[in-house]
file model-v3.cif (mmCIF, C-alpha atoms)
data_upload
loop_
_atom_site.label_atom_id
_atom_site.label_comp_id
_atom_site.auth_asym_id
_atom_site.auth_seq_id
_atom_site.Cartn_x
_atom_site.Cartn_y
_atom_site.Cartn_z
CA MET A 13 6.52 19.10 -3.54
CA LEU A 14 8.11 16.90 -0.87
CA SER A 15 11.46 18.73 -0.89
CA PRO A 16 10.68 21.12 2.00
CA ALA A 17 9.56 18.26 4.24
CA ALA A 18 12.56 16.15 3.21
CA LYS A 19 14.91 19.03 4.11
CA ARG A 20 13.31 19.32 7.54
CA LEU A 21 13.69 15.58 8.08
CA SER A 22 17.21 15.37 6.67
CA TYR A 23 18.75 14.97 10.14
CA PHE A 24 16.98 11.58 10.40
CA ASN A 25 18.45 8.36 9.06
CA PRO A 26 16.32 7.44 6.00
CA ASN A 27 16.07 3.85 7.28
CA HIS A 28 14.50 5.16 10.48
CA LEU A 29 11.87 6.97 8.40
CA SER A 30 11.19 3.65 6.64
CA ILE A 31 10.81 1.88 9.97
CA ALA A 32 8.47 4.63 11.22
CA SER A 33 6.39 4.18 8.07
CA LEU A 34 6.09 0.49 8.94
CA GLY A 35 4.84 1.42 12.41
CA PHE A 36 2.10 3.58 10.88
CA ALA A 37 1.13 0.70 8.55
CA PHE A 38 0.86 -1.68 11.51
CA VAL A 39 -1.31 0.77 13.44
CA ALA A 40 -3.46 1.30 10.32
CA GLY A 41 -4.01 -2.46 10.12
CA VAL A 42 -5.03 -2.57 13.79
CA PHE A 43 -7.47 0.33 13.34
CA PHE A 44 -9.05 -1.38 10.31
CA THR A 45 -9.86 -4.42 12.46
CA LEU A 46 -11.69 -2.39 15.09
CA GLU A 47 -15.27 -1.21 15.55
CA PRO A 48 -16.95 1.31 15.65
CA SER A 49 -16.60 2.67 12.14
CA GLU A 50 -14.76 5.81 13.33
CA TYR A 51 -11.64 3.67 13.30
CA LEU A 52 -11.85 3.71 9.50
CA LEU A 53 -10.88 7.38 9.61
CA LEU A 54 -7.93 6.68 11.89
CA GLY A 55 -6.85 3.79 9.66
CA ALA A 56 -6.97 6.05 6.59
CA LEU A 57 -4.94 8.69 8.45
CA MET A 58 -2.29 6.08 9.37
CA VAL A 59 -2.13 4.89 5.74
CA GLY A 60 -1.53 8.51 4.73
CA ALA A 61 1.31 8.81 7.27
CA ASN A 62 2.78 5.54 6.00
CA GLY A 63 2.68 6.74 2.40
CA LEU A 64 4.18 10.12 3.26
CA LEU A 65 7.11 8.64 5.16
CA ASP A 66 7.60 6.03 2.44
CA ALA A 67 7.88 8.83 -0.13
CA LEU A 68 10.19 10.88 2.09
CA ASP A 69 12.72 8.19 3.06
CA GLY A 70 14.19 7.96 -0.44
CA LYS A 71 14.10 11.72 -0.90
CA VAL A 72 15.99 12.22 2.38
CA ALA A 73 18.55 9.59 1.32
CA ARG A 74 19.14 11.47 -1.95
CA LEU A 75 19.44 14.82 -0.13
CA LYS A 76 21.99 13.36 2.29
CA ALA A 77 23.77 11.49 -0.53
CA THR A 78 23.37 8.26 1.48
CA GLU A 79 21.51 6.20 -1.13
CA SER A 80 22.59 2.59 -1.01
CA LYS A 81 21.57 -0.87 -2.09
CA ARG A 82 20.94 -1.72 1.56
CA GLY A 83 18.62 1.26 1.90
CA ASP A 84 16.75 0.24 -1.23
CA PHE A 85 16.47 -3.30 0.12
CA VAL A 86 15.17 -2.08 3.49
CA ASP A 87 12.63 0.13 1.71
CA HIS A 88 11.28 -2.74 -0.41
CA VAL A 89 11.07 -5.17 2.51
CA ILE A 90 9.27 -2.62 4.66
CA ASP A 91 6.86 -1.76 1.82
CA ARG A 92 5.83 -5.42 1.52
CA TYR A 93 5.30 -5.79 5.26
CA ALA A 94 3.35 -2.53 5.28
CA ASP A 95 1.12 -3.80 2.47
CA VAL A 96 0.42 -7.01 4.39
CA PHE A 97 -0.27 -5.22 7.69
CA ILE A 98 -2.76 -2.83 6.10
CA LEU A 99 -4.53 -5.35 3.87
CA ALA A 100 -4.64 -8.05 6.57
CA GLY A 101 -6.17 -5.52 8.95
CA ILE A 102 -8.92 -4.82 6.44
CA ALA A 103 -9.40 -8.55 5.77
CA LEU A 104 -9.83 -9.21 9.49
CA GLY A 105 -12.20 -6.26 9.98
CA ALA A 106 -15.95 -6.02 9.52
CA HIS A 107 -15.93 -4.51 6.03
CA CYS A 108 -14.36 -7.29 3.98
CA SER A 109 -14.41 -11.08 3.92
CA VAL A 110 -11.19 -12.87 4.81
CA PHE A 111 -11.23 -14.65 1.42
CA VAL A 112 -11.45 -11.39 -0.54
CA GLY A 113 -8.74 -9.98 1.73
CA LEU A 114 -6.48 -12.94 1.03
CA PHE A 115 -7.11 -12.53 -2.71
CA ALA A 116 -6.10 -8.84 -2.41
CA ILE A 117 -2.91 -9.71 -0.52
CA ILE A 118 -1.95 -12.32 -3.12
CA GLY A 119 -2.55 -9.88 -5.98
CA VAL A 120 -0.54 -7.11 -4.35
CA MET A 121 2.34 -9.42 -3.39
CA LEU A 122 2.58 -10.95 -6.87
CA ALA A 123 2.53 -7.55 -8.58
CA SER A 124 5.30 -6.32 -6.29
CA TYR A 125 7.29 -9.52 -6.74
CA MET A 126 7.20 -9.21 -10.51
CA GLY A 127 8.42 -5.61 -10.26
CA THR A 128 11.47 -6.61 -8.24
CA GLN A 129 12.05 -9.81 -10.23
CA ALA A 130 13.11 -7.61 -13.14
CA GLN A 131 15.90 -6.19 -10.95
CA ALA A 132 16.95 -9.69 -9.93
CA LEU A 133 17.45 -10.47 -13.62
CA GLY A 134 19.61 -7.41 -14.18
CA LEU A 135 16.85 -5.24 -15.69
CA ARG A 136 15.36 -2.02 -14.38
CA ARG A 137 12.65 -2.38 -11.74
CA GLU A 138 9.30 -2.78 -13.47
CA TYR A 139 6.68 -0.28 -12.30
CA ARG A 140 4.25 -0.54 -15.20
CA GLY A 141 0.82 -2.13 -14.90
CA ILE A 142 -2.68 -1.14 -13.91
CA LEU A 143 -2.10 -1.16 -10.14
CA GLY A 144 0.91 0.48 -8.53
CA ARG A 145 1.62 1.14 -4.86
CA ALA A 146 0.77 4.84 -5.08
CA ASP A 147 -2.63 3.94 -6.55
CA ARG A 148 -3.28 1.47 -3.74
CA LEU A 149 -2.31 3.96 -1.06
CA ALA A 150 -4.58 6.62 -2.54
CA LEU A 151 -7.50 4.18 -2.56
CA LEU A 152 -6.65 2.98 0.96
CA ILE A 153 -7.00 6.57 2.15
CA ILE A 154 -10.06 7.63 0.13
CA VAL A 155 -12.29 4.53 0.20
CA PRO A 156 -12.35 4.06 4.02
CA ILE A 157 -13.22 7.75 4.42
CA VAL A 158 -16.06 7.46 1.88
CA GLN A 159 -17.20 4.21 3.55
CA TYR A 160 -17.31 5.98 6.91
CA VAL A 161 -19.23 8.98 5.54
CA LEU A 162 -21.82 6.77 3.84
CA MET A 163 -22.26 4.74 7.02
CA ALA A 164 -22.55 7.89 9.13
CA LEU A 165 -25.23 9.22 6.76
CA GLU A 166 -26.90 5.80 6.94
CA VAL A 167 -26.74 5.42 3.17
CA SER A 168 -27.32 1.72 2.56
CA ILE A 169 -24.80 1.56 -0.30
CA GLY A 170 -22.08 2.20 2.28
CA GLU A 171 -22.67 -1.17 3.90
CA ASP A 172 -23.78 -3.36 1.03
CA LEU A 173 -23.31 -2.90 -2.70
CA ILE A 174 -24.28 -6.16 -4.38
CA GLY A 175 -22.98 -8.19 -1.46
CA TYR A 176 -19.86 -6.14 -0.67
CA SER A 177 -19.11 -2.90 1.12
CA LEU A 178 -17.10 -0.26 -0.74
CA ILE A 179 -14.05 -1.49 1.11
CA GLY A 180 -14.83 -5.05 0.02
CA TRP A 181 -15.05 -3.90 -3.61
CA MET A 182 -11.75 -2.07 -3.24
CA MET A 183 -10.10 -5.24 -1.95
CA LEU A 184 -11.64 -7.28 -4.76
CA TYR A 185 -10.22 -4.72 -7.18
CA PHE A 186 -6.79 -5.07 -5.53
CA GLY A 187 -6.94 -8.82 -6.03
CA ILE A 188 -7.97 -8.65 -9.68
CA ALA A 189 -5.84 -5.66 -10.67
CA GLY A 190 -2.85 -6.95 -8.69
CA ASN A 191 -2.89 -10.27 -10.51
CA VAL A 192 -3.39 -8.54 -13.88
CA THR A 193 -0.47 -6.24 -13.07
CA ALA A 194 1.68 -9.27 -12.15
CA VAL A 195 0.91 -10.87 -15.52
CA GLN A 196 1.55 -7.57 -17.35
CA ARG A 197 4.91 -7.18 -15.63
CA ALA A 198 5.86 -10.80 -16.26
CA HIS A 199 5.08 -10.29 -19.96
CA LEU A 200 7.12 -7.06 -20.11
CA ILE A 201 10.06 -8.73 -18.34
CA TRP A 202 9.88 -11.75 -20.67
CA LYS A 203 10.01 -9.48 -23.71
CA SER A 204 13.07 -7.68 -22.29
CA LEU A 205 15.09 -10.84 -21.72
CA PRO A 206 17.63 -11.90 -24.38
#

call {"tool": "encode", "arguments": {"input": "model-v3.cif", "output": "structure tokens"}}
result
Amino acid sequence: MLSPAAKRLSYFNPNHLSIASLGFAFVAGVFFTLEPSEYLLLGALMVGANGLLDALDGKVARLKATESKRGDFVDHVIDRYADVFILAGIALGAHCSVFVGLFAIIGVMLASYMGTQAQALGLRREYRGILGRADRLALLIIVPIVQYVLMALEVSIGEDLIGYSLIGWMMLYFGIAGNVTAVQRAHLIWKSLP
């Protein structure tokens, strides 16, 4: 599905696409900190742009036959910074407590760490678990849009659902599911070691 877009972007250096994706993540984080709630839509749009460029950078590298360990390293580093920018922006905004936001960041970072730790031990990168990056990005696009719509319609559930907004519940889910995923991946890696 992404092949036509990758072909159009094939004159770009894949690392530059990765860096551009980081810029969109940073802007998404800034938008998530701002009021009024219309910024939620812009934040979701920036997360979408981040995810699209993140998917395209590797595809462009394969099309140009320029895949490399350095490119893979750059991609992983940028993905982690992008995760932090986006989640920190939400944590510092009006729709989530800082403590729940910190819990989400810890869960996401540990899940990602365990995935790459497998590579460090000479195994294949571990992607299994209940919360992957694609899942997070999808939720980071959909939930802020739904939050905005509910707030615009003045539906009370949009602002408070048993003490949390929908975005707050999403971040709580990221914290729980991220830590569960980290444990799942650690277990899978342990079983694969001689």

call {"tool": "resolve_selection", "arguments": {"input": "model-v3.cif", "expression": "the PyMOL selection byres ((chain A and resi 122-135) around 12)", "output": "PyMOL selection string"}}
result
chain A and resi 81+84-85+88-89+91-93+95-96+115-121+136-145+148+186-206

call {"tool": "closest_residue", "arguments": {"input": "model-v3.cif", "among": "A:Leu68, A:Met58, A:Ala164, A:Ile179", "to": "Pro16 of chain A", "atoms": "only C-alpha atoms"}}
result
A:Leu68

call {"tool": "resolve_selection", "arguments": {"input": "model-v3.cif", "expression": "the PyMOL selection byres ((chain A and resi 101-105) around 10)", "output": "PyMOL selection string"}}
result
chain A and resi 37-47+52+55+95-100+106-117+152+156+179-180+183

call {"tool": "residues_around", "arguments": {"input": "model-v3.cif", "residues": "Leu29 of chain A", "least_positions_apart": "6", "cutoff": "10 Å", "atoms": "only C-alpha atoms", "output": "list in words"}}
result
Leu21, Gly35, Asn62, Leu64, Leu65, Asp66, Ala67, Leu68, Asp69, Gly70, Val72 and Asp87 of chain A

call {"tool": "closest_residue", "arguments": {"input": "model-v3.cif", "among": "A:Val158, A:Leu54, A:Ala61, A:Ala17", "to": "Ala94 of chain A", "atoms": "all atoms listed in the file"}}
result
A:Ala61

call {"tool": "closest_residue", "arguments": {"input": "model-v3.cif", "among": "A:Leu53, A:Gly83, A:Thr78, A:Tyr176", "to": "Asn27 of chain A", "atoms": "only C-alpha atoms"}}
result
A:Gly83

call {"tool": "closest_residue", "arguments": {"input": "model-v3.cif", "among": "A:Pro48, A:Gly60, A:Pro26, A:Gly175", "to": "Arg82 of chain A", "atoms": "only C-alpha atoms"}}
result
A:Pro26

call {"tool": "atom_distance", "arguments": {"input": "model-v3.cif", "atom1": "atom CA of Gln159 of chain A", "atom2": "atom CA of Met13 of chain A"}}
result
28.9 Å

call {"tool": "closest_residue", "arguments": {"input": "model-v3.cif", "among": "A:Val161, A:Leu57, A:Ala77, A:Val86", "to": "Ser30 of chain A", "atoms": "all atoms listed in the file"}}
result
A:Val86

call {"tool": "atom_distance", "arguments": {"input": "model-v3.cif", "atom1": "atom CA of Ser33 of chain A", "atom2": "atom CA of Ala56 of chain A"}}
result
13.6 Å

call {"tool": "closest_residue", "arguments": {"input": "model-v3.cif", "among": "A:Ile90, A:Ala73, A:Met163, A:Leu14", "to": "Ile31 of chain A", "atoms": "only C-alpha atoms"}}
result
A:Ile90

call {"tool": "axis_aligned_box", "arguments": {"input": "model-v3.cif", "around": "segment 30-39 of chain A", "padding_each_side": "4 Å", "output": "JSON"}}
result
{"center_x": 4.9, "center_y": 1.5, "center_z": 10.0, "size_x": 20.5, "size_y": 14.3, "size_z": 14.8}

call {"tool": "atom_distance", "arguments": {"input": "model-v3.cif", "atom1": "atom CA of Phe36 of chain A", "atom2": "atom CA of Val59 of chain A"}}
result
6.8 Å

call {"tool": "decode", "arguments": {"input": "model-v3.cif", "residues": "segment 56-108 of chain A", "atoms": "C-alpha atoms", "output": "PDB file, in the first residue's frame"}}
result
ATOM      1  CA  ALA A  56      -3.506  13.640  16.032  1.00  0.00           C
ATOM      2  CA  LEU A  57      -2.716  14.836  12.495  1.00  0.00           C
ATOM      3  CA  MET A  58       0.971  15.274  13.406  1.00  0.00           C
ATOM      4  CA  VAL A  59       1.067  11.778  14.945  1.00  0.00           C
ATOM      5  CA  GLY A  60      -0.349  10.461  11.660  1.00  0.00           C
ATOM      6  CA  ALA A  61       2.374  12.267   9.693  1.00  0.00           C
ATOM      7  CA  ASN A  62       5.006  10.878  12.071  1.00  0.00           C
ATOM      8  CA  GLY A  63       3.719   7.334  11.633  1.00  0.00           C
ATOM      9  CA  LEU A  64       3.512   7.645   7.858  1.00  0.00           C
ATOM     10  CA  LEU A  65       7.074   8.908   7.494  1.00  0.00           C
ATOM     11  CA  ASP A  66       8.288   6.292   9.973  1.00  0.00           C
ATOM     12  CA  ALA A  67       6.730   3.583   7.801  1.00  0.00           C
ATOM     13  CA  LEU A  68       8.105   5.102   4.603  1.00  0.00           C
ATOM     14  CA  ASP A  69      11.738   5.616   5.628  1.00  0.00           C
ATOM     15  CA  GLY A  70      12.506   1.891   5.700  1.00  0.00           C
ATOM     16  CA  LYS A  71      10.531   1.258   2.529  1.00  0.00           C
ATOM     17  CA  VAL A  72      12.473   3.989   0.706  1.00  0.00           C
ATOM     18  CA  ALA A  73      15.764   2.525   1.989  1.00  0.00           C
ATOM     19  CA  ARG A  74      14.799  -0.889   0.595  1.00  0.00           C
ATOM     20  CA  LEU A  75      13.739   0.631  -2.756  1.00  0.00           C
ATOM     21  CA  LYS A  76      17.053   2.476  -3.044  1.00  0.00           C
ATOM     22  CA  ALA A  77      18.997  -0.562  -1.785  1.00  0.00           C
ATOM     23  CA  THR A  78      20.565   1.661   0.900  1.00  0.00           C
ATOM     24  CA  GLU A  79      19.526  -0.340   3.972  1.00  0.00           C
ATOM     25  CA  SER A  80      22.214  -0.268   6.611  1.00  0.00           C
ATOM     26  CA  LYS A  81      22.830  -0.888  10.273  1.00  0.00           C
ATOM     27  CA  ARG A  82      23.334   2.850  10.724  1.00  0.00           C
ATOM     28  CA  GLY A  83      19.957   3.538   9.138  1.00  0.00           C
ATOM     29  CA  ASP A  84      18.310   0.971  11.387  1.00  0.00           C
ATOM     30  CA  PHE A  85      20.014   2.542  14.397  1.00  0.00           C
ATOM     31  CA  VAL A  86      18.889   6.047  13.396  1.00  0.00           C
ATOM     32  CA  ASP A  87      15.336   4.775  12.920  1.00  0.00           C
ATOM     33  CA  HIS A  88      15.202   3.175  16.381  1.00  0.00           C
ATOM     34  CA  VAL A  89      16.700   6.199  18.142  1.00  0.00           C
ATOM     35  CA  ILE A  90      14.288   8.553  16.409  1.00  0.00           C
ATOM     36  CA  ASP A  91      11.321   6.294  17.213  1.00  0.00           C
ATOM     37  CA  ARG A  92      12.159   6.441  20.930  1.00  0.00           C
ATOM     38  CA  TYR A  93      12.531  10.213  20.917  1.00  0.00           C
ATOM     39  CA  ALA A  94       9.283  10.498  18.962  1.00  0.00           C
ATOM     40  CA  ASP A  95       7.498   8.342  21.548  1.00  0.00           C
ATOM     41  CA  VAL A  96       8.781  10.543  24.368  1.00  0.00           C
ATOM     42  CA  PHE A  97       7.891  13.813  22.609  1.00  0.00           C
ATOM     43  CA  ILE A  98       4.328  12.693  21.914  1.00  0.00           C
ATOM     44  CA  LEU A  99       3.640  11.073  25.287  1.00  0.00           C
ATOM     45  CA  ALA A 100       5.323  13.872  27.262  1.00  0.00           C
ATOM     46  CA  GLY A 101       3.197  16.394  25.389  1.00  0.00           C
ATOM     47  CA  ILE A 102       0.062  14.537  26.443  1.00  0.00           C
ATOM     48  CA  ALA A 103       1.346  14.203  30.020  1.00  0.00           C
ATOM     49  CA  LEU A 104       1.937  17.953  30.211  1.00  0.00           C
ATOM     50  CA  GLY A 105      -1.444  18.801  28.663  1.00  0.00           C
ATOM     51  CA  ALA A 106      -4.853  19.190  30.245  1.00  0.00           C
ATOM     52  CA  HIS A 107      -6.171  15.704  29.469  1.00  0.00           C
ATOM     53  CA  CYS A 108      -3.833  13.513  31.499  1.00  0.00           C
TER      54      CYS A 108
END
